[in-house]
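K.L.:
So here's data12.txt (compact mmCIF, C-alpha atoms).
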# COMPACT_ATOMS: atom_id res chain seq x y z
CA MET A 366 37.90 21.10 17.58
CA THR A 367 36.79 21.77 14.04
CA ALA A 368 33.08 21.51 13.49
CA LYS A 369 31.56 19.95 10.41
CA VAL A 370 29.02 22.25 8.82
CA ILE A 371 25.97 20.35 7.60
CA THR A 372 23.03 21.89 5.72
CA ILE A 373 19.66 20.19 5.78
CA THR A 374 17.83 21.03 2.57
CA SER A 375 15.13 19.72 0.23
CA GLY A 376 13.89 22.17 -2.37
CA LYS A 377 10.28 21.34 -1.65
CA GLY A 378 8.66 22.63 1.52
CA GLY A 379 6.99 20.47 4.11
CA VAL A 380 9.12 17.35 3.67
CA GLY A 381 10.67 17.54 7.14
CA LYS A 382 13.80 19.73 7.04
CA THR A 383 13.16 21.45 10.35
CA THR A 384 12.11 18.26 12.11
CA ALA A 385 15.23 16.52 10.78
CA THR A 386 17.51 19.38 11.86
CA ALA A 387 16.07 19.38 15.39
CA ASN A 388 16.23 15.62 15.76
CA ILE A 389 19.69 15.12 14.28
CA GLY A 390 20.91 17.95 16.51
CA VAL A 391 19.38 16.30 19.57
CA ALA A 392 20.69 12.86 18.61
CA LEU A 393 24.25 14.15 18.07
CA ALA A 394 24.12 16.01 21.40
CA GLU A 395 22.93 12.79 23.08
CA LEU A 396 26.14 11.20 21.79
CA GLY A 397 28.10 13.83 23.71
CA GLN A 398 28.76 16.11 20.75
CA LYS A 399 28.80 19.91 20.85
CA VAL A 400 26.09 20.96 18.42
CA VAL A 401 24.65 24.25 17.24
CA CYS A 402 21.52 24.36 15.07
CA ILE A 403 21.03 27.47 12.95
CA ASP A 404 17.60 28.38 11.61
CA SER A 405 18.36 30.11 8.30
CA ASP A 406 14.69 30.40 7.32
CA ILE A 407 14.51 34.14 7.99
CA GLY A 408 10.93 35.39 8.17
CA LEU A 409 9.53 31.88 8.67
CA ARG A 410 11.19 30.90 11.93
CA ASN A 411 10.26 27.41 13.14
CA LEU A 412 13.23 25.49 14.46
CA ASP A 413 12.71 27.25 17.83
CA VAL A 414 9.22 25.79 18.30
CA VAL A 415 10.20 22.32 17.10
CA LEU A 416 13.01 22.33 19.68
CA GLY A 417 10.74 23.86 22.34
CA LEU A 418 13.01 26.88 22.83
CA GLU A 419 10.70 29.60 21.51
CA ASN A 420 10.27 31.35 24.87
CA ARG A 421 13.96 31.90 25.39
CA ILE A 422 14.83 33.92 22.31
CA VAL A 423 16.45 37.28 22.94
CA TYR A 424 18.74 37.72 19.92
CA ASP A 425 18.65 36.10 16.48
CA LEU A 426 20.81 35.37 13.45
CA VAL A 427 20.27 38.82 11.92
CA ASP A 428 21.18 40.52 15.23
CA VAL A 429 24.53 38.71 15.11
CA VAL A 430 25.16 39.52 11.45
CA GLU A 431 24.29 43.19 11.97
CA GLY A 432 26.41 43.44 15.12
CA ARG A 433 23.67 44.01 17.71
CA ALA A 434 24.62 40.80 19.53
CA ARG A 435 27.68 38.66 19.95
CA LEU A 436 27.45 35.10 18.65
CA ARG A 437 27.38 33.62 22.17
CA GLN A 438 24.49 35.89 23.17
CA ALA A 439 22.33 34.57 20.35
CA MET A 440 23.09 30.91 21.13
CA ILE A 441 20.23 29.51 23.21
CA LYS A 442 21.30 26.52 25.25
CA ASP A 443 18.99 23.53 25.35
CA LYS A 444 18.92 22.57 29.04
CA ARG A 445 17.89 18.94 28.34
CA LEU A 446 21.26 18.16 26.79
CA PRO A 447 24.84 18.95 27.72
CA GLU A 448 25.87 20.83 24.57
CA LEU A 449 23.02 21.70 22.21
CA TYR A 450 22.46 25.28 21.08
CA LEU A 451 20.06 27.09 18.77
CA ILE A 452 20.66 30.26 16.81
CA PRO A 453 17.14 31.31 15.82
CA ALA A 454 16.14 33.04 12.60
CA ALA A 455 14.78 36.58 12.67
CA GLN A 456 11.02 36.57 12.29
CA THR A 457 10.46 40.16 11.14
CA ARG A 458 13.03 40.30 8.32
CA ASP A 459 13.51 38.50 5.01
CA LYS A 460 16.15 36.40 3.24
CA THR A 461 18.06 39.44 2.02
CA ALA A 462 18.92 40.45 5.62
CA ILE A 463 21.93 38.13 5.39
CA SER A 464 24.33 37.14 2.60
CA PRO A 465 26.20 33.93 1.79
CA ASN A 466 29.38 35.65 3.01
CA ASP A 467 27.75 36.39 6.39
CA MET A 468 27.03 32.67 6.76
CA VAL A 469 30.62 31.76 5.89
CA ARG A 470 31.96 34.22 8.50
CA LEU A 471 29.50 33.02 11.14
CA CYS A 472 30.35 29.36 10.57
CA ASP A 473 34.07 30.10 10.62
CA GLU A 474 33.57 31.62 14.04
CA LEU A 475 31.64 28.55 15.23
CA ARG A 476 33.97 25.89 13.80
CA PRO A 477 36.64 25.99 16.53
CA GLU A 478 33.99 25.89 19.29
CA MET A 479 31.74 23.09 18.09
CA ASP A 480 31.67 19.54 16.72
CA TRP A 481 28.68 20.12 14.46
CA VAL A 482 26.97 23.15 12.92
CA LEU A 483 23.57 22.14 11.52
CA ILE A 484 21.90 24.65 9.20
CA ASP A 485 18.18 24.34 8.56
CA SER A 486 17.62 25.59 5.02
CA PRO A 487 14.46 27.32 3.84
CA ALA A 488 12.44 25.76 1.01
CA GLY A 489 13.15 26.98 -2.50
CA ILE A 490 16.28 27.55 -4.55
CA GLU A 491 16.70 31.29 -4.16
CA ARG A 492 18.66 33.53 -1.79
CA GLY A 493 17.72 31.63 1.37
CA PHE A 494 19.04 28.39 -0.11
CA ARG A 495 22.25 30.13 -1.26
CA ASN A 496 22.76 31.46 2.28
CA ALA A 497 22.15 28.02 3.77
CA ILE A 498 24.72 26.22 1.59
CA ALA A 499 27.41 28.91 1.45
CA ALA A 500 29.44 27.51 4.36
CA THR A 501 28.41 23.86 4.16
CA ASP A 502 30.79 20.92 4.10
CA THR A 503 28.06 18.36 3.43
CA ALA A 504 24.42 18.72 2.49
CA LEU A 505 21.74 16.36 3.71
CA ILE A 506 18.90 16.22 1.21
CA ILE A 507 15.53 15.32 2.69
CA THR A 508 12.81 13.93 0.51
CA ASN A 509 9.55 12.03 0.81
CA PRO A 510 8.79 8.95 -1.32
CA GLU A 511 6.60 11.04 -3.58
CA VAL A 512 7.01 12.32 -7.16
CA SER A 513 7.19 16.09 -6.51
CA ALA A 514 9.51 15.81 -3.50
CA VAL A 515 11.93 13.50 -5.36
CA ARG A 516 11.92 15.76 -8.41
CA ASP A 517 12.77 18.80 -6.26
CA ALA A 518 15.46 16.81 -4.43
CA ASP A 519 17.05 16.04 -7.79
CA ARG A 520 17.05 19.73 -8.68
CA ILE A 521 18.73 20.56 -5.34
CA ILE A 522 21.37 17.87 -5.90
CA GLY A 523 22.07 19.40 -9.31
CA LEU A 524 22.44 22.88 -7.77
CA LEU A 525 24.72 21.54 -5.01
CA GLU A 526 26.91 19.89 -7.64
CA ALA A 527 27.05 23.11 -9.64
CA GLU A 528 28.25 24.93 -6.47
CA GLU A 529 30.75 22.11 -5.82
CA LYS A 530 28.94 21.32 -2.57
CA GLY A 531 27.45 18.09 -3.84
CA PRO A 532 26.18 15.54 -4.22
CA GLY A 533 25.32 15.23 -0.51
CA MET A 534 23.56 12.42 1.30
CA LEU A 535 19.93 11.41 1.20
CA ILE A 536 17.33 11.04 3.94
CA ILE A 537 13.96 9.60 2.95
CA ASN A 538 11.33 10.81 5.39
CA ARG A 539 7.71 9.78 6.04
CA ILE A 540 7.89 6.29 4.58
CA LYS A 541 4.60 4.42 4.95
CA PRO A 542 5.46 0.71 4.89
CA ASP A 543 1.89 -0.42 4.25
CA LEU A 544 1.59 1.80 1.16
CA VAL A 545 4.97 0.61 -0.13
CA GLU A 546 3.92 -2.98 0.43
CA ARG A 547 0.78 -2.62 -1.66
CA GLY A 548 2.64 -0.81 -4.43
CA ASP A 549 1.27 2.67 -3.84
CA MET A 550 4.44 4.36 -2.58
CA LEU A 551 7.91 4.59 -4.14
CA ASP A 552 10.24 2.25 -2.27
CA THR A 553 13.75 3.02 -1.07
CA ALA A 554 15.35 1.27 -4.02
CA ASP A 555 13.29 3.32 -6.51
CA VAL A 556 14.24 6.64 -4.90
CA LEU A 557 17.92 5.71 -4.63
CA GLU A 558 18.05 4.51 -8.21
CA VAL A 559 16.48 7.71 -9.49
CA LEU A 560 18.57 10.15 -7.40
CA ALA A 561 21.80 8.10 -7.46
CA ILE A 562 23.30 9.50 -4.24
CA GLN A 563 24.41 7.98 -0.96
CA LEU A 564 21.71 7.02 1.54
CA LEU A 565 22.04 8.36 5.10
CA GLY A 566 18.70 7.58 6.68
CA LEU A 567 15.19 6.16 6.37
CA ILE A 568 12.50 7.67 8.59
CA PRO A 569 9.11 5.98 8.90
CA GLU A 570 5.90 7.98 9.06
CA ASP A 571 5.35 8.17 12.79
CA GLU A 572 2.71 10.08 14.76
CA THR A 573 5.16 10.49 17.65
CA VAL A 574 6.83 13.19 15.49
CA LEU A 575 3.65 15.29 15.43
CA ILE A 576 3.15 14.79 19.16
CA ALA A 577 6.80 15.66 19.79
CA THR A 578 6.39 18.89 17.82
CA ASN A 579 3.17 19.71 19.71
CA ARG A 580 5.17 19.51 22.92
CA GLY A 581 8.43 21.01 21.69
CA HIS A 582 10.15 17.81 22.77
CA PRO A 583 11.89 16.27 19.70
CA ALA A 584 11.20 12.59 18.99
CA ALA A 585 14.92 11.78 19.24
CA LEU A 586 14.57 12.39 23.02
CA ASP A 587 11.93 9.65 23.21
CA PRO A 588 13.56 6.20 23.41
CA LYS A 589 10.34 4.53 22.24
CA SER A 590 9.77 6.64 19.11
CA LYS A 591 10.51 4.78 15.85
CA ALA A 592 11.28 8.00 14.01
CA GLY A 593 13.42 9.06 16.96
CA GLN A 594 15.39 5.83 16.62
CA ALA A 595 15.85 6.49 12.90
CA PHE A 596 17.27 9.95 13.71
CA ARG A 597 19.58 8.46 16.34
CA ASN A 598 20.80 6.04 13.64
CA ILE A 599 21.53 9.00 11.35
CA ALA A 600 23.58 10.65 14.11
CA LYS A 601 25.62 7.47 14.56
CA ARG A 602 26.23 7.21 10.81
CA LEU A 603 27.39 10.85 10.76
CA MET A 604 29.83 9.87 13.53
CA GLY A 605 31.21 7.17 11.24
CA GLU A 606 29.47 4.19 12.80
CA GLU A 607 28.04 1.55 10.48
CA VAL A 608 24.39 1.12 11.30
CA PRO A 609 22.41 -1.26 9.08
CA PHE A 610 19.30 0.15 7.42
CA PRO A 611 16.14 -1.44 8.76
CA THR A 612 13.61 -2.51 6.16
CA LEU A 613 10.73 -0.08 6.25
CA ASP A 614 9.16 -0.70 2.92
CA GLY A 615 8.01 -4.31 2.77
CA ASN A 616 10.36 -4.75 -0.13
CA GLU A 617 12.59 -7.39 1.43
CA SER A 618 12.92 -10.78 -0.21
CA LEU A 619 10.51 -13.52 0.70
CA GLY A 620 13.42 -15.48 2.21
CA LYS A 621 14.33 -12.65 4.58
CA ARG A 622 10.74 -12.19 5.61
CA LEU A 623 10.40 -15.91 6.26
CA ALA A 624 13.60 -15.88 8.30
CA ARG A 625 12.17 -13.11 10.46
CA LEU A 626 8.92 -15.00 10.93
CA ILE A 627 10.87 -18.07 11.98
CA GLN A 628 12.92 -16.00 14.41
CA ARG A 629 9.76 -14.76 16.03
CA GLY A 630 8.86 -18.40 16.63
CA GLY A 631 5.92 -18.24 14.25
CA ALA A 632 4.15 -15.82 16.55
CA ALA A 633 3.23 -13.69 13.57
CA MET B 505 -5.20 -7.53 -1.86
CA SER B 506 -6.36 -8.08 -5.44
CA GLY B 507 -3.84 -5.41 -6.40
CA LEU B 508 -1.12 -7.43 -4.76
CA ILE B 509 -2.20 -10.61 -6.56
CA ASP B 510 -2.30 -8.76 -9.89
CA ARG B 511 1.17 -7.43 -9.21
CA LEU B 512 2.61 -10.79 -8.21
CA SER B 513 1.11 -12.47 -11.26
CA GLY B 514 2.11 -9.60 -13.53
CA ARG B 515 -1.48 -8.97 -14.58
CA GLY B 516 -3.60 -5.86 -14.40
CA ARG B 517 -2.54 -2.21 -14.22
CA PRO B 518 0.98 -1.44 -13.04
CA SER B 519 1.08 -0.25 -9.41
CA SER B 520 0.89 3.50 -8.83
CA ALA B 521 4.43 3.34 -7.37
CA LYS B 522 5.71 1.84 -10.63
CA THR B 523 3.93 4.57 -12.62
CA ALA B 524 5.42 7.20 -10.27
CA LYS B 525 8.93 5.87 -10.82
CA ASP B 526 8.59 5.66 -14.60
CA ARG B 527 7.25 9.22 -14.78
CA LEU B 528 10.04 10.47 -12.51
CA VAL B 529 12.73 8.85 -14.63
CA VAL B 530 11.43 10.58 -17.76
CA VAL B 531 10.85 14.00 -16.20
CA LEU B 532 14.30 13.99 -14.52
CA ARG B 533 16.02 13.19 -17.81
CA HIS B 534 14.54 16.37 -19.26
CA ASP B 535 15.09 18.41 -16.05
CA ARG B 536 18.74 17.44 -15.73
CA SER B 537 19.70 17.88 -19.36
CA GLU B 538 17.52 20.96 -19.88
CA ILE B 539 16.46 19.31 -23.12
CA SER B 540 12.67 19.35 -23.43
CA PRO B 541 10.77 16.73 -25.46
CA ALA B 542 10.21 19.45 -28.11
CA LEU B 543 13.94 20.26 -28.30
CA LEU B 544 14.72 16.55 -28.56
CA GLU B 545 12.38 16.38 -31.55
CA THR B 546 14.11 19.39 -33.14
CA LEU B 547 17.52 17.77 -32.62
CA ARG B 548 16.25 14.59 -34.26
CA ASP B 549 14.97 16.49 -37.31
CA GLU B 550 18.25 18.43 -37.63
CA ILE B 551 20.36 15.27 -37.34
CA ILE B 552 18.30 13.65 -40.10
CA ARG B 553 18.65 16.75 -42.29
CA VAL B 554 22.44 16.92 -41.87
CA LEU B 555 22.98 13.21 -42.41
CA SER B 556 20.65 13.03 -45.40
CA ALA B 557 22.87 15.51 -47.25
CA HIS B 558 25.66 12.92 -47.17
CA ILE B 559 24.22 9.42 -46.69
CA GLU B 560 21.01 7.52 -47.10
CA VAL B 561 18.96 7.40 -43.88
CA ASP B 562 15.47 6.20 -43.14
CA PRO B 563 13.97 9.15 -41.17
CA SER B 564 11.34 6.97 -39.50
CA ALA B 565 14.04 4.68 -38.06
CA VAL B 566 16.17 7.43 -36.45
CA GLN B 567 15.85 7.57 -32.67
CA VAL B 568 17.26 10.37 -30.53
CA SER B 569 16.89 9.88 -26.79
CA LEU B 570 18.24 10.81 -23.35
CA PHE B 571 19.53 8.30 -20.84
CA SER B 572 21.34 8.45 -17.49
CA GLU B 573 24.25 6.60 -16.02
CA GLY B 574 24.19 7.42 -12.31
CA ARG B 575 23.86 11.20 -12.29
CA GLU B 576 25.49 11.60 -15.72
CA GLN B 577 23.28 12.43 -18.68
CA HIS B 578 23.77 11.15 -22.22
CA LEU B 579 22.22 12.07 -25.52
CA LYS B 580 21.95 9.03 -27.75
CA ALA B 581 21.25 8.99 -31.47
CA ASP B 582 20.53 5.63 -33.05
CA ILE B 583 20.72 5.81 -36.82
CA PRO B 584 20.26 2.51 -38.67
CA LEU B 585 22.03 2.51 -42.05
CA PRO B 586 19.81 0.79 -44.60
CA GLY B 587 22.56 0.86 -47.23
CA ALA B 588 24.94 -1.20 -45.09
CA THR B 589 22.66 -4.22 -44.75
CA ARG B 590 21.90 -4.15 -48.48
CA ARG B 591 25.61 -4.15 -49.32
CA LYS B 592 26.17 -7.10 -47.00
CA ARG B 593 23.41 -9.02 -48.72
CA THR B 594 24.79 -8.43 -52.22
CA LEU B 595 28.32 -9.48 -51.26
For the file at hand, write its structure as structure tokens.
P.N.:
Amino acid sequence: MTAKVITITSGKGGVGKTTATANIGVALAELGQKVVCIDSDIGLRNLDVVLGLENRIVYDLVDVVEGRARLRQAMIKDKRLPELYLIPAAQTRDKTAISPNDMVRLCDELRPEMDWVLIDSPAGIERGFRNAIAATDTALIITNPEVSAVRDADRIIGLLEAEEKGPGMLIINRIKPDLVERGDMLDTADVLEVLAIQLLGLIPEDETVLIATNRGHPAALDPKSKAGQAFRNIAKRLMGEEVPFPTLDGNESLGKRLARLIQRGGAA
Amino acid sequence: MSGLIDRLSGRGRPSSAKTAKDRLVVVLRHDRSEISPALLETLRDEIIRVLSAHIEVDPSAVQVSLFSEGREQHLKADIPLPGATRRKRTL
């Protein structure tokens, strides 16, 4: 087994990195994969609460790096899935507690044991980001269809390319189809044209994500959640399956829309 | 709804999404190339100065701009040569 190391990053904060890491991790584990999620946001730990594993933390990433715990001791097993683990960030330290080399060593240790190592990157472009991308094979860039998030995503893509880790693949999160339809939100085509990288996933704005986070029960575990489905699609695409992109932005041609109406038997 | 009708008929103000995209395209050109609008203006003036020492150029017609092809950035200088058209005409 040789795990793929994937970093989930964005530049801008609050676009959905941690939610995406948790849900892609869950969705890959649902497909029978061995997955470890690493929270590299030292000092601002959150992946534990999104995954609902906050009460089980004994050791963290910094404990492993500084030799107080073995890697296996810091890996919290998610009991809902066969092979999903979390390595939490330290909450009382800062980004300088680990180095890019530490991350490379840690991931090298994990590679033979796992199918996927998912690293949740902190916001920003400083040390924390450098740590998060040091060992990565592929970066997933998360953005929202919004000017500042897309601009920051572009900056991140540029930095990834400069580190020869780029260009990565794009996930557009929190798409609001009604706003796109009335011309008040960038559509998928706009964002793709501007950023010019490969698309991996489209996630609709979906209140089930907030509810899922309230409960510590990621949306990808909920078969009825639309966002959960979008994350499951991302997991399948990462596994090499071709999954068509659903239209979320009301930007389909009139012909397609008509065809769908006809299919529904005119019920709409 | 009226916004949608305006958009479909091509009337009225452009949609805010269109404005967002146009602004992004411009700001990313400058971000990626690290050439600010002010630096672009300086480059334009310098190009005119250098060329004017050797050939006849109309400074008001010279355009220096940035454009992208995928993620690749290009600096483009468009310098119409007034002398060339005149020579063609007199031939």
K.L.:
What does the distance from atom CA of A:Gln456 to atom CA of A:Asp485 come to in Å, to one decimal?
P.N.:
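Spanning atom CA of A:Gln456 to atom CA of A:Asp485 is a straight-line distance of 14.7 Å.
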K.L.:
Any idea what's packed within 12 Å of A:Glu606, counting all atoms listed in the file, ignoring anything in its chain fewer than 5 positions away? Could you give it as number ranges by chain?
P.N.:
A: 396, 565, 597-601
K.L.:
With chain B as the partner and 9 Å as the cut-off, tabulate the residues of chain A that qualify, each row holding the nearest pair of atoms and their distance in Å to one decimal, using all atoms listed in the file, sorted by chain and rising number, as a Markdown table.
P.N.:
| residue | atom | partner | partner_atom | distance |
| --- | --- | --- | --- | --- |
| A:Glu511 | CA | B:Ala524 | CA | 7.8 |
| A:Val512 | CA | B:Ala524 | CA | 6.2 |
| A:Ser513 | CA | B:Leu528 | CA | 8.7 |
| A:Val515 | CA | B:Leu528 | CA | 8.0 |
| A:Arg516 | CA | B:Leu532 | CA | 6.8 |
| A:Asp519 | CA | B:Leu532 | CA | 7.6 |
| A:Arg520 | CA | B:Arg536 | CA | 7.6 |
| A:Gly523 | CA | B:Arg536 | CA | 7.5 |
| A:Val545 | CA | B:Ala521 | CA | 7.8 |
| A:Glu546 | CA | B:Leu508 | CA | 8.5 |
| A:Arg547 | CA | B:Leu508 | CA | 6.0 |
| A:Gly548 | CA | B:Ser519 | CA | 5.2 |
| A:Asp549 | CA | B:Ala521 | CA | 4.8 |
| A:Met550 | CA | B:Ala521 | CA | 4.9 |
| A:Leu551 | CA | B:Ala521 | CA | 4.9 |
| A:Asp552 | CA | B:Ala521 | CA | 7.8 |
| A:Asp555 | CA | B:Lys525 | CA | 6.6 |
| A:Val556 | CA | B:Lys525 | CA | 8.0 |
| A:Glu558 | CA | B:Gly574 | CA | 7.9 |
| A:Val559 | CA | B:Val529 | CA | 6.5 |
| A:Leu560 | CA | B:Arg575 | CA | 7.3 |
| A:Ala561 | CA | B:Gly574 | CA | 5.4 |
| A:Ile562 | CA | B:Arg575 | CA | 8.2 |
K.L.:
So the first atom is atom CA of A:Val482 and the second is atom CA of A:Ile498; what is the distance between them in Å, to one decimal place?
P.N.:
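Between atom CA of A:Val482 and atom CA of A:Ile498 the gap works out to 12.0 Å.
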K.L.:
Would you list the contacts of B:Ile552 as a ChimeraX atom specification, taking every protein, DNA or RNA residue within 8 Å and counting only C-alpha atoms, but skipping same-chain residues closer than 5 positions in sequence?
P.N.:
/B:561,563,566
K.L.:
Using all atoms listed in the file, give me every residue within 12 Å of (7.2, 16.8, 24.2) in file coordinates, as a list in words.
P.N.:
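Applying the cut-off with all atoms listed in the file, one gets Val414, Val415, Leu416, Gly417, Leu418, Arg445, Thr573, Val574, Leu575, Ile576, Ala577, Thr578, Asn579, Arg580, Gly581, His582, Pro583, Ala584, Ala585, Leu586, Asp587 and Ser590 of chain A.
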K.L.:
Would you mind listing what lies within 12 Å of A:Arg458 as a list in words, with only C-alpha atoms counted and same-chain residues fewer than 4 positions away left out?
P.N.:
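In the requested form, the answer reads Ser405, Asp406, Ile407, Gly408, Leu409, Arg410, Asp425, Leu426, Val427, Asp428, Ala454, Ala462 and Ile463 of chain A.
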K.L.:
Please report the interatomic distance between atom CA of A:Val429 and atom CA of A:Leu471 in Å with one decimal.
P.N.:
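Interatomic distance, atom CA of A:Val429 to atom CA of A:Leu471: 8.5 Å.
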K.L.:
Considering only C-alpha atoms, state which residue in the set B:Gln567, B:Gly516, B:Glu560, B:Pro584 is at the smallest distance from B:Thr546.
P.N.:
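Closest candidate: B:Gln567.
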K.L.:
Name all residues at most 7 Å from A:Ile540 (count all atoms listed in the file; drop same-chain ones fewer than 3 positions away) and give them as JSON, numbers by chain.
P.N.:
{"A": [510, 568, 569, 570]}
K.L.:
Smallest atom-to-atom distance to A:Ala518: which of A:Pro477, A:Pro588, A:Pro542, A:Gly489, using only C-alpha atoms?
P.N.:
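Closest residue, counting only C-alpha atoms: A:Gly489.
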K.L.:
May I ask which of the residues A:Gln438, A:Ser486, A:Gln398, A:Asn411 is the closest one to A:Thr374, counting only C-alpha atoms?
P.N.:
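Of all the options, A:Ser486 lies closest to A:Thr374.
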